[in-house]
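Colleague: Input query.txt, format and content: compact mmCIF, C-alpha atoms.
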# COMPACT_ATOMS: atom_id res chain seq x y z
CA MET C 1 12.96 -13.45 17.45
CA THR C 2 13.91 -9.81 17.96
CA LEU C 3 13.47 -7.50 14.99
CA ARG C 4 15.24 -4.17 14.81
CA PHE C 5 13.70 -1.29 12.88
CA GLY C 6 15.59 1.92 12.13
CA ILE C 7 13.68 5.04 11.05
CA LEU C 8 15.55 8.17 9.96
CA CYS C 9 14.35 11.10 12.09
CA PHE C 10 15.46 14.46 10.68
CA PRO C 11 14.50 18.14 10.87
CA GLY C 12 11.46 18.79 8.72
CA VAL C 13 10.30 15.17 8.61
CA GLN C 14 6.59 14.71 7.91
CA GLN C 15 5.60 13.34 11.28
CA LEU C 16 2.89 10.95 10.08
CA ASP C 17 5.34 9.47 7.54
CA LEU C 18 7.33 8.49 10.62
CA THR C 19 4.74 7.93 13.34
CA GLY C 20 2.37 5.84 11.18
CA PRO C 21 4.84 3.02 10.52
CA TYR C 22 6.44 3.56 13.94
CA GLU C 23 3.13 2.68 15.62
CA VAL C 24 2.82 -0.48 13.53
CA PHE C 25 6.44 -1.58 13.96
CA ALA C 26 6.45 -0.88 17.70
CA SER C 27 3.28 -2.96 18.09
CA ALA C 28 4.96 -6.07 16.64
CA GLU C 29 5.93 -8.78 19.13
CA GLY C 30 9.61 -8.53 20.07
CA ALA C 31 10.31 -5.47 17.93
CA THR C 32 12.73 -2.67 18.76
CA VAL C 33 12.32 0.63 16.90
CA HIS C 34 15.06 3.26 16.75
CA LEU C 35 14.73 6.88 15.65
CA VAL C 36 18.08 7.73 14.10
CA TRP C 37 19.72 11.10 13.49
CA LYS C 38 23.07 12.90 13.75
CA SER C 39 22.48 13.84 17.39
CA LEU C 40 20.00 13.09 20.16
CA GLU C 41 18.72 16.66 20.33
CA PRO C 42 14.97 17.14 19.79
CA ILE C 43 14.02 17.92 16.20
CA ARG C 44 11.00 19.77 14.86
CA SER C 45 8.85 18.00 12.27
CA ALA C 46 7.48 19.72 9.18
CA THR C 47 4.25 20.53 11.01
CA GLY C 48 5.86 21.48 14.31
CA LEU C 49 5.63 18.31 16.39
CA MET C 50 8.84 17.76 18.37
CA LEU C 51 10.49 14.36 18.08
CA ILE C 52 13.49 12.97 19.96
CA PRO C 53 15.96 10.63 18.22
CA ASP C 54 17.32 7.85 20.41
CA THR C 55 20.26 6.65 18.30
CA THR C 56 22.90 8.57 16.37
CA LEU C 57 24.06 7.76 12.86
CA ALA C 58 27.51 7.01 14.23
CA GLU C 59 26.27 4.58 16.89
CA ALA C 60 23.36 2.97 15.05
CA PRO C 61 23.32 -0.83 14.89
CA ASP C 62 22.41 -2.77 11.77
CA PHE C 63 18.68 -3.02 11.15
CA ASP C 64 16.33 -5.65 9.82
CA VAL C 65 14.31 -2.81 8.33
CA LEU C 66 15.75 0.57 7.36
CA CYS C 67 13.09 3.23 6.73
CA VAL C 68 13.32 6.77 5.37
CA PRO C 69 10.19 8.92 5.81
CA GLY C 70 9.53 12.02 3.73
CA GLY C 71 8.67 15.65 4.33
CA SER C 72 10.01 19.07 3.41
CA GLY C 73 13.21 18.23 5.30
CA ILE C 74 14.29 15.69 2.68
CA ASN C 75 15.52 18.51 0.46
CA ALA C 76 18.51 19.05 2.72
CA LEU C 77 19.20 15.30 2.78
CA LEU C 78 19.48 15.06 -1.01
CA THR C 79 22.95 16.62 -0.82
CA ASP C 80 23.96 15.42 2.65
CA GLU C 81 26.72 12.89 1.99
CA THR C 82 26.88 11.87 5.65
CA VAL C 83 23.26 10.71 5.53
CA LEU C 84 23.54 9.18 2.06
CA ALA C 85 26.65 7.21 3.04
CA PHE C 86 24.89 6.00 6.20
CA LEU C 87 21.95 4.75 4.16
CA ARG C 88 24.18 2.95 1.66
CA ASP C 89 26.07 1.27 4.48
CA LYS C 90 23.04 0.15 6.50
CA ALA C 91 21.07 -0.85 3.41
CA SER C 92 23.79 -3.33 2.47
CA ARG C 93 22.97 -5.39 5.58
CA ALA C 94 19.23 -4.77 6.03
CA ARG C 95 16.60 -7.36 5.17
CA PHE C 96 14.35 -4.62 3.83
CA VAL C 97 15.17 -1.09 2.66
CA THR C 98 12.07 1.06 2.77
CA SER C 99 10.61 4.54 2.49
CA VAL C 100 7.40 6.46 2.98
CA CYS C 101 6.34 9.35 0.76
CA THR C 102 9.27 11.43 -0.55
CA GLY C 103 11.74 9.44 1.53
CA SER C 104 12.16 7.39 -1.64
CA LEU C 105 13.92 10.35 -3.26
CA VAL C 106 16.59 10.14 -0.56
CA LEU C 107 17.01 6.42 -1.22
CA GLY C 108 17.36 7.32 -4.88
CA LYS C 109 20.08 9.89 -4.23
CA ALA C 110 21.91 7.23 -2.22
CA GLY C 111 21.85 5.03 -5.32
CA LEU C 112 19.44 2.49 -3.84
CA LEU C 113 16.66 2.71 -6.43
CA ALA C 114 18.64 2.02 -9.61
CA GLY C 115 16.72 -0.44 -11.79
CA ARG C 116 14.00 -0.91 -9.16
CA ARG C 117 10.25 -0.32 -9.12
CA ALA C 118 9.25 2.33 -6.57
CA THR C 119 6.59 4.82 -5.58
CA THR C 120 6.35 8.08 -3.67
CA HIS C 121 3.93 10.96 -3.06
CA TRP C 122 1.82 11.71 -6.16
CA ASN C 123 3.42 15.16 -6.47
CA ALA C 124 6.91 13.65 -6.73
CA LEU C 125 6.38 10.54 -8.88
CA ASP C 126 8.01 12.17 -11.89
CA PHE C 127 11.29 12.54 -9.98
CA LEU C 128 11.80 8.78 -9.59
CA PRO C 129 13.01 8.07 -13.16
CA ARG C 130 15.66 10.76 -12.71
CA LEU C 131 16.99 8.59 -9.87
CA GLY C 132 17.10 5.42 -11.93
CA ALA C 133 13.81 3.94 -10.72
CA THR C 134 10.70 2.80 -12.55
CA SER C 135 7.89 4.94 -11.20
CA VAL C 136 4.76 3.05 -10.10
CA GLU C 137 1.56 4.88 -9.17
CA GLN C 138 0.53 2.59 -6.34
CA ARG C 139 0.02 2.90 -2.58
CA VAL C 140 2.75 0.39 -1.64
CA VAL C 141 5.27 -1.12 -4.06
CA GLN C 142 7.54 -4.06 -3.27
CA ASP C 143 10.50 -4.93 -5.48
CA GLY C 144 12.35 -7.70 -3.69
CA SER C 145 13.92 -6.28 -0.56
CA LEU C 146 12.85 -2.73 -1.47
CA ILE C 147 9.45 -1.56 -0.21
CA THR C 148 8.28 1.99 -0.90
CA ALA C 149 5.03 3.69 0.06
CA GLY C 150 3.13 6.58 -1.46
CA GLY C 151 1.96 9.72 0.32
CA VAL C 152 1.76 10.36 4.05
CA THR C 153 -1.12 8.10 5.18
CA SER C 154 0.15 5.10 3.19
CA GLY C 155 2.75 4.57 5.93
CA ILE C 156 0.28 2.53 8.00
CA ASP C 157 -0.55 0.22 5.08
CA PHE C 158 3.15 -0.04 4.37
CA GLY C 159 3.96 -0.87 7.99
CA LEU C 160 1.45 -3.71 8.03
CA ILE C 161 2.86 -5.12 4.79
CA VAL C 162 6.39 -5.04 6.21
CA VAL C 163 5.27 -6.82 9.39
CA ALA C 164 3.45 -9.45 7.32
CA GLU C 165 6.63 -10.07 5.31
CA LEU C 166 8.71 -10.50 8.46
CA MET C 167 6.28 -12.14 10.88
CA GLY C 168 3.33 -13.38 8.88
CA ARG C 169 -0.16 -12.18 8.08
CA GLU C 170 -1.62 -13.18 11.45
CA GLU C 171 0.69 -10.79 13.32
CA ALA C 172 -0.04 -7.99 10.86
CA GLU C 173 -3.79 -8.51 11.13
CA THR C 174 -3.60 -8.64 14.93
CA ILE C 175 -1.83 -5.27 14.93
CA GLN C 176 -4.35 -3.86 12.45
CA LEU C 177 -7.23 -4.88 14.71
CA ALA C 178 -5.52 -3.61 17.87
CA LEU C 179 -5.08 -0.23 16.16
CA GLU C 180 -8.66 -0.39 14.80
CA TYR C 181 -7.25 0.51 11.42
CA ALA C 182 -10.38 0.51 9.25
CA PRO C 183 -10.13 3.68 7.13
CA ALA C 184 -13.36 5.36 6.06
CA PRO C 185 -12.39 8.85 4.86
CA PRO C 186 -15.16 11.46 4.93
CA PHE C 187 -14.26 12.75 1.44
CA ASP C 188 -13.09 11.06 -1.77
CA ALA C 189 -10.31 13.57 -2.35
CA GLY C 190 -7.23 11.57 -1.41
CA LEU C 191 -5.81 11.24 -4.94
CA PRO C 192 -5.56 13.61 -7.91
CA SER C 193 -7.73 11.18 -9.86
CA THR C 194 -10.63 11.53 -7.43
CA ALA C 195 -10.27 15.07 -6.04
CA PRO C 196 -11.96 18.01 -7.81
CA PRO C 197 -9.57 19.88 -10.15
CA SER C 198 -9.73 22.99 -7.96
CA ILE C 199 -8.57 20.96 -4.95
CA VAL C 200 -5.72 19.38 -6.93
CA GLU C 201 -4.55 22.83 -8.00
CA ALA C 202 -4.80 24.18 -4.44
CA ALA C 203 -2.67 21.29 -3.16
CA ARG C 204 -0.08 21.80 -5.91
CA VAL C 205 0.17 25.50 -5.05
CA ARG C 206 0.64 24.66 -1.37
CA MET C 207 3.52 22.29 -2.17
CA ALA C 208 5.08 24.36 -4.96
CA GLY C 209 7.94 25.86 -2.95
CA SER C 210 9.37 22.56 -1.78
CA ARG C 211 8.91 21.06 -5.25
CA ARG C 212 10.89 23.90 -6.86
CA GLU C 213 13.76 23.20 -4.49
CA ARG C 214 13.73 19.52 -5.45
CA GLU C 215 13.66 20.38 -9.14
CA ALA C 216 16.87 22.34 -8.66
CA LEU C 217 18.50 19.58 -6.60
CA LEU C 218 17.52 16.68 -8.85
CA GLY C 219 17.94 18.40 -12.21
Write out the structure in this file as structure tokens.
Modeller:
Amino acid sequence: MTLRFGILCFPGVQQLDLTGPYEVFASAEGATVHLVWKSLEPIRSATGLMLIPDTTLAEAPDFDVLCVPGGSGINALLTDETVLAFLRDKASRARFVTSVCTGSLVLGKAGLLAGRRATTHWNALDFLPRLGATSVEQRVVQDGSLITAGGVTSGIDFGLIVVAELMGREEAETIQLALEYAPAPPFDAGLPSTAPPSIVEAARVRMAGSRREREALLG
């Protein structure tokens, strides 16, 4: 069985939102993973890593899994009707419609979260109800054919869950072992509930500019 994964690859994407699940998907037996954008020109991620799409929106096939990563670049996508129409079209024929981090906001603007349970980065959870979703503070949330993941690093967990849904737990665990995915973070500061208040405030300040833009776009 050949599985086809399509990941939106856009200027300002958070590279680990994309490359985390990409590594998992591409490690699955018989999988084909496409990076999709308007052109095949190299794009610069939010942190400067250059990525090269291999399929255009116009020429993209249907996908078993459609995935939208997040990053500062999603702000431009929230009003990009070409992208939103593409997502609506491909989502109608995908087995799973998915996102990592703030990619869920783009799904929401495309009308794909209405009445569904979803998650996103902790600093954007409050935007989800504005897009018709029920916000869930959880690392990965599945609501039928919709699977959304929280902040950046959750993309690996998410990728393994998607593979398990499609190919079974044994394949997902084999990939996990091959990647030696056994997280043991050096600090317990990965969530606002565990990080010191000063660290939470510093992170909010760092992300304030992009959040202000989203406030204006989402109302």
Colleague: Tell me which protein, DNA and RNA residues are within 9 Å of range 128-139 of chain C, counting all atoms listed in the file, leaving out same-chain ones fewer than 6 positions away, and put them as a list in words.
Modeller: Ser104, Leu105, Leu107, Gly108, Lys109, Gly111, Leu112, Leu113, Ala114, Gly115, Arg116, Arg117, Ala118, Thr119, Thr120, His121, Trp122, Thr148, Ala149, Gly150, Gly151, Ser154, Asp157, Phe158, Leu218 and Gly219 of chain C
Colleague: Kindly export the residues of the current selection with C-alpha atoms, as a PDB file, in the coordinates of the input.
Modeller:
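The resulting again_38.pdb:
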ATOM      1  CA  SER C 104      12.160   7.390  -1.640  1.00  0.00           C
ATOM      2  CA  LEU C 105      13.920  10.350  -3.260  1.00  0.00           C
ATOM      3  CA  LEU C 107      17.010   6.420  -1.220  1.00  0.00           C
ATOM      4  CA  GLY C 108      17.360   7.320  -4.880  1.00  0.00           C
ATOM      5  CA  LYS C 109      20.080   9.890  -4.230  1.00  0.00           C
ATOM      6  CA  GLY C 111      21.850   5.030  -5.320  1.00  0.00           C
ATOM      7  CA  LEU C 112      19.440   2.490  -3.840  1.00  0.00           C
ATOM      8  CA  LEU C 113      16.660   2.710  -6.430  1.00  0.00           C
ATOM      9  CA  ALA C 114      18.640   2.020  -9.610  1.00  0.00           C
ATOM     10  CA  GLY C 115      16.720  -0.440 -11.790  1.00  0.00           C
ATOM     11  CA  ARG C 116      14.000  -0.910  -9.160  1.00  0.00           C
ATOM     12  CA  ARG C 117      10.250  -0.320  -9.120  1.00  0.00           C
ATOM     13  CA  ALA C 118       9.250   2.330  -6.570  1.00  0.00           C
ATOM     14  CA  THR C 119       6.590   4.820  -5.580  1.00  0.00           C
ATOM     15  CA  THR C 120       6.350   8.080  -3.670  1.00  0.00           C
ATOM     16  CA  HIS C 121       3.930  10.960  -3.060  1.00  0.00           C
ATOM     17  CA  TRP C 122       1.820  11.710  -6.160  1.00  0.00           C
ATOM     18  CA  THR C 148       8.280   1.990  -0.900  1.00  0.00           C
ATOM     19  CA  ALA C 149       5.030   3.690   0.060  1.00  0.00           C
ATOM     20  CA  GLY C 150       3.130   6.580  -1.460  1.00  0.00           C
ATOM     21  CA  GLY C 151       1.960   9.720   0.320  1.00  0.00           C
ATOM     22  CA  SER C 154       0.150   5.100   3.190  1.00  0.00           C
ATOM     23  CA  ASP C 157      -0.550   0.220   5.080  1.00  0.00           C
ATOM     24  CA  PHE C 158       3.150  -0.040   4.370  1.00  0.00           C
ATOM     25  CA  LEU C 218      17.520  16.680  -8.850  1.00  0.00           C
ATOM     26  CA  GLY C 219      17.940  18.400 -12.210  1.00  0.00           C
TER      27      GLY C 219
END
Colleague: Determine, counting only C-alpha atoms, every residue of protein, DNA or RNA that lies within 9 Å of (4.4, 10.3, 6.4) in the file coordinates, then give the result as a list in words.
Modeller: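 Those residues, ordered by chain and then number, are Val13, Gln14, Gln15, Leu16, Asp17, Leu18, Thr19, Gly20, Pro21, Pro69, Gly70, Gly71, Val100, Cys101, Thr102, Gly103, Gly150, Gly151, Val152, Thr153, Ser154, Gly155 and Ile156 of chain C.
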Colleague: Let's have the selection written as a PDB file, in the coordinates of the input, with C-alpha atoms.
Modeller:
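As written to disk, result-v3.pdb reads:
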ATOM      1  CA  VAL C  13      10.300  15.170   8.610  1.00  0.00           C
ATOM      2  CA  GLN C  14       6.590  14.710   7.910  1.00  0.00           C
ATOM      3  CA  GLN C  15       5.600  13.340  11.280  1.00  0.00           C
ATOM      4  CA  LEU C  16       2.890  10.950  10.080  1.00  0.00           C
ATOM      5  CA  ASP C  17       5.340   9.470   7.540  1.00  0.00           C
ATOM      6  CA  LEU C  18       7.330   8.490  10.620  1.00  0.00           C
ATOM      7  CA  THR C  19       4.740   7.930  13.340  1.00  0.00           C
ATOM      8  CA  GLY C  20       2.370   5.840  11.180  1.00  0.00           C
ATOM      9  CA  PRO C  21       4.840   3.020  10.520  1.00  0.00           C
ATOM     10  CA  PRO C  69      10.190   8.920   5.810  1.00  0.00           C
ATOM     11  CA  GLY C  70       9.530  12.020   3.730  1.00  0.00           C
ATOM     12  CA  GLY C  71       8.670  15.650   4.330  1.00  0.00           C
ATOM     13  CA  VAL C 100       7.400   6.460   2.980  1.00  0.00           C
ATOM     14  CA  CYS C 101       6.340   9.350   0.760  1.00  0.00           C
ATOM     15  CA  THR C 102       9.270  11.430  -0.550  1.00  0.00           C
ATOM     16  CA  GLY C 103      11.740   9.440   1.530  1.00  0.00           C
ATOM     17  CA  GLY C 150       3.130   6.580  -1.460  1.00  0.00           C
ATOM     18  CA  GLY C 151       1.960   9.720   0.320  1.00  0.00           C
ATOM     19  CA  VAL C 152       1.760  10.360   4.050  1.00  0.00           C
ATOM     20  CA  THR C 153      -1.120   8.100   5.180  1.00  0.00           C
ATOM     21  CA  SER C 154       0.150   5.100   3.190  1.00  0.00           C
ATOM     22  CA  GLY C 155       2.750   4.570   5.930  1.00  0.00           C
ATOM     23  CA  ILE C 156       0.280   2.530   8.000  1.00  0.00           C
TER      24      ILE C 156
END
Colleague: Using all atoms listed in the file, what table do you get, as JSON lines, when you list each residue of range 121-178 of chain C with an atom no more than 12 Å from range 24-28 of chain C, its nearest pair of atoms, and their distance in Å rounded to one decimal, rows by chain then rising number?
Modeller:
{"residue": "C:Gly155", "atom": "CA", "partner": "C:Val24", "partner_atom": "CA", "distance": 9.1}
{"residue": "C:Ile156", "atom": "CA", "partner": "C:Val24", "partner_atom": "CA", "distance": 6.8}
{"residue": "C:Asp157", "atom": "CA", "partner": "C:Val24", "partner_atom": "CA", "distance": 9.1}
{"residue": "C:Phe158", "atom": "CA", "partner": "C:Val24", "partner_atom": "CA", "distance": 9.2}
{"residue": "C:Gly159", "atom": "CA", "partner": "C:Val24", "partner_atom": "CA", "distance": 5.7}
{"residue": "C:Leu160", "atom": "CA", "partner": "C:Val24", "partner_atom": "CA", "distance": 6.5}
{"residue": "C:Ile161", "atom": "CA", "partner": "C:Val24", "partner_atom": "CA", "distance": 9.9}
{"residue": "C:Val162", "atom": "CA", "partner": "C:Phe25", "partner_atom": "CA", "distance": 8.5}
{"residue": "C:Val163", "atom": "CA", "partner": "C:Phe25", "partner_atom": "CA", "distance": 7.1}
{"residue": "C:Ala164", "atom": "CA", "partner": "C:Ala28", "partner_atom": "CA", "distance": 10.0}
{"residue": "C:Leu166", "atom": "CA", "partner": "C:Ala28", "partner_atom": "CA", "distance": 10.0}
{"residue": "C:Met167", "atom": "CA", "partner": "C:Ala28", "partner_atom": "CA", "distance": 8.5}
{"residue": "C:Gly168", "atom": "CA", "partner": "C:Ala28", "partner_atom": "CA", "distance": 10.8}
{"residue": "C:Arg169", "atom": "CA", "partner": "C:Ala28", "partner_atom": "CA", "distance": 11.7}
{"residue": "C:Glu170", "atom": "CA", "partner": "C:Ala28", "partner_atom": "CA", "distance": 11.0}
{"residue": "C:Glu171", "atom": "CA", "partner": "C:Ala28", "partner_atom": "CA", "distance": 7.2}
{"residue": "C:Ala172", "atom": "CA", "partner": "C:Ala28", "partner_atom": "CA", "distance": 7.9}
{"residue": "C:Glu173", "atom": "CA", "partner": "C:Ala28", "partner_atom": "CA", "distance": 10.6}
{"residue": "C:Thr174", "atom": "CA", "partner": "C:Ala28", "partner_atom": "CA", "distance": 9.1}
{"residue": "C:Ile175", "atom": "CA", "partner": "C:Ser27", "partner_atom": "CA", "distance": 6.4}
{"residue": "C:Gln176", "atom": "CA", "partner": "C:Val24", "partner_atom": "CA", "distance": 8.0}
{"residue": "C:Leu177", "atom": "CA", "partner": "C:Val24", "partner_atom": "CA", "distance": 11.0}
{"residue": "C:Ala178", "atom": "CA", "partner": "C:Ser27", "partner_atom": "CA", "distance": 8.8}
Colleague: Which residues come within 7 Å of Phe10 in chain C, counting only C-alpha atoms, excluding same-chain residues fewer than 2 positions away, as a PyMOL selection string?
Modeller: chain C and resi 8+12-13+37+43+73
Colleague: Would you please work out which residue, of C:Ala60, C:Leu146, C:Leu217, C:Val141, is nearest to Phe127 in chain C when using all atoms listed in the file?
Modeller: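 Closest to Phe127 in chain C of all the choices is C:Leu217.
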Colleague: Between CA of Thr47 in chain C and CA of Ser193 in chain C, what distance in Å does the model show, to one decimal?
Modeller: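 CA of Ser193 in chain C lies at a distance of 25.8 Å from CA of Thr47 in chain C.
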Colleague: What is the CA of Leu40 in chain C-CA of Val68 in chain C distance in Å, reported with one decimal?
Modeller: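 That distance, rounded to one decimal, is 17.4 Å.
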Colleague: Out of C:Met50, C:Val36, C:Ala184, C:Leu3, which residue has the shortest atom-to-atom distance to Phe86 in chain C when counting all atoms listed in the file?
Modeller: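 Of the candidates, the smallest distance to Phe86 in chain C is held by C:Val36.
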Colleague: Nearest to Arg44 in chain C among C:Leu77, C:Leu179, C:Ala203, C:Cys9, with distances taken over only C-alpha atoms: which residue is it?
Modeller: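 When distances to Arg44 in chain C are compared using only C-alpha atoms, the smallest one comes from C:Cys9.
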Colleague: What is the CA of Pro61 in chain C-CA of Gly48 in chain C distance in Å, reported with one decimal?
Modeller: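 That distance, rounded to one decimal, is 28.3 Å.
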Colleague: Would you kindly return, as a PyMOL selection string, each protein, DNA or RNA residue with an atom no farther than 9 Å from any atom of Asn123 in chain C, considering all atoms listed in the file and excluding same-chain residues fewer than 6 positions away?
Modeller: chain C and resi 151+204+207+211
Colleague: Identify which of the residues C:Gly190, C:Ala46, C:Thr2, C:Pro197 lies closest to Gly30 in chain C, counting only C-alpha atoms when measuring atom-to-atom distances.
Modeller: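 Closest residue, counting only C-alpha atoms: C:Thr2.
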Colleague: Here is a test: counting only C-alpha atoms, which residue of C:Pro42, C:Pro53, C:Gly6, C:Gly144 is nearest to Leu66 in chain C?
Modeller: C:Gly6
Colleague: Pick the closest to Thr55 in chain C from C:Pro183, C:Thr82, C:Phe5, C:Tyr22: which is it, counting all atoms listed in the file?
Modeller: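 Smallest separation from Thr55 in chain C among the options: C:Phe5.
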Colleague: Since fewer atoms than expected are present, regenerate N, CA and C atoms for range 6-22 of chain C and write them as a PDB file, keeping the file's coordinate frame.
Modeller:
ATOM      1  N   GLY C   6      14.939   0.623  12.047  1.00  0.00           N
ATOM      2  CA  GLY C   6      15.590   1.920  12.130  1.00  0.00           C
ATOM      3  C   GLY C   6      14.894   2.916  11.234  1.00  0.00           C
ATOM      4  N   ILE C   7      14.388   4.008  11.816  1.00  0.00           N
ATOM      5  CA  ILE C   7      13.680   5.040  11.050  1.00  0.00           C
ATOM      6  C   ILE C   7      14.486   6.342  11.136  1.00  0.00           C
ATOM      7  N   LEU C   8      14.821   6.901   9.984  1.00  0.00           N
ATOM      8  CA  LEU C   8      15.550   8.170   9.960  1.00  0.00           C
ATOM      9  C   LEU C   8      14.630   9.276  10.480  1.00  0.00           C
ATOM     10  N   CYS C   9      15.129  10.049  11.430  1.00  0.00           N
ATOM     11  CA  CYS C   9      14.350  11.100  12.090  1.00  0.00           C
ATOM     12  C   CYS C   9      15.128  12.402  11.929  1.00  0.00           C
ATOM     13  N   PHE C  10      14.676  13.293  11.073  1.00  0.00           N
ATOM     14  CA  PHE C  10      15.460  14.460  10.680  1.00  0.00           C
ATOM     15  C   PHE C  10      14.627  15.734  10.740  1.00  0.00           C
ATOM     16  N   PRO C  11      15.261  16.879  10.844  1.00  0.00           N
ATOM     17  CA  PRO C  11      14.500  18.140  10.870  1.00  0.00           C
ATOM     18  C   PRO C  11      13.636  18.280   9.627  1.00  0.00           C
ATOM     19  N   GLY C  12      12.368  18.629   9.842  1.00  0.00           N
ATOM     20  CA  GLY C  12      11.460  18.790   8.720  1.00  0.00           C
ATOM     21  C   GLY C  12      10.837  17.508   8.234  1.00  0.00           C
ATOM     22  N   VAL C  13      10.968  16.412   8.983  1.00  0.00           N
ATOM     23  CA  VAL C  13      10.300  15.170   8.610  1.00  0.00           C
ATOM     24  C   VAL C  13       8.786  15.350   8.703  1.00  0.00           C
ATOM     25  N   GLN C  14       8.049  14.706   7.805  1.00  0.00           N
ATOM     26  CA  GLN C  14       6.590  14.710   7.910  1.00  0.00           C
ATOM     27  C   GLN C  14       6.218  13.719   8.998  1.00  0.00           C
ATOM     28  N   GLN C  15       5.694  14.207  10.104  1.00  0.00           N
ATOM     29  CA  GLN C  15       5.600  13.340  11.280  1.00  0.00           C
ATOM     30  C   GLN C  15       4.781  12.082  11.056  1.00  0.00           C
ATOM     31  N   LEU C  16       3.695  12.149  10.275  1.00  0.00           N
ATOM     32  CA  LEU C  16       2.890  10.950  10.080  1.00  0.00           C
ATOM     33  C   LEU C  16       3.602   9.925   9.182  1.00  0.00           C
ATOM     34  N   ASP C  17       4.482  10.391   8.296  1.00  0.00           N
ATOM     35  CA  ASP C  17       5.340   9.470   7.540  1.00  0.00           C
ATOM     36  C   ASP C  17       6.136   8.587   8.500  1.00  0.00           C
ATOM     37  N   LEU C  18       6.526   9.183   9.616  1.00  0.00           N
ATOM     38  CA  LEU C  18       7.330   8.490  10.620  1.00  0.00           C
ATOM     39  C   LEU C  18       6.466   7.777  11.651  1.00  0.00           C
ATOM     40  N   THR C  19       5.493   8.492  12.215  1.00  0.00           N
ATOM     41  CA  THR C  19       4.740   7.930  13.340  1.00  0.00           C
ATOM     42  C   THR C  19       3.751   6.851  12.914  1.00  0.00           C
ATOM     43  N   GLY C  20       3.271   6.891  11.662  1.00  0.00           N
ATOM     44  CA  GLY C  20       2.370   5.840  11.180  1.00  0.00           C
ATOM     45  C   GLY C  20       3.046   4.476  11.216  1.00  0.00           C
ATOM     46  N   PRO C  21       4.148   4.308  10.454  1.00  0.00           N
ATOM     47  CA  PRO C  21       4.840   3.020  10.520  1.00  0.00           C
ATOM     48  C   PRO C  21       5.449   2.736  11.887  1.00  0.00           C
ATOM     49  N   TYR C  22       5.888   3.773  12.601  1.00  0.00           N
ATOM     50  CA  TYR C  22       6.440   3.560  13.940  1.00  0.00           C
ATOM     51  C   TYR C  22       5.418   2.829  14.818  1.00  0.00           C
TER      52      TYR C  22
END
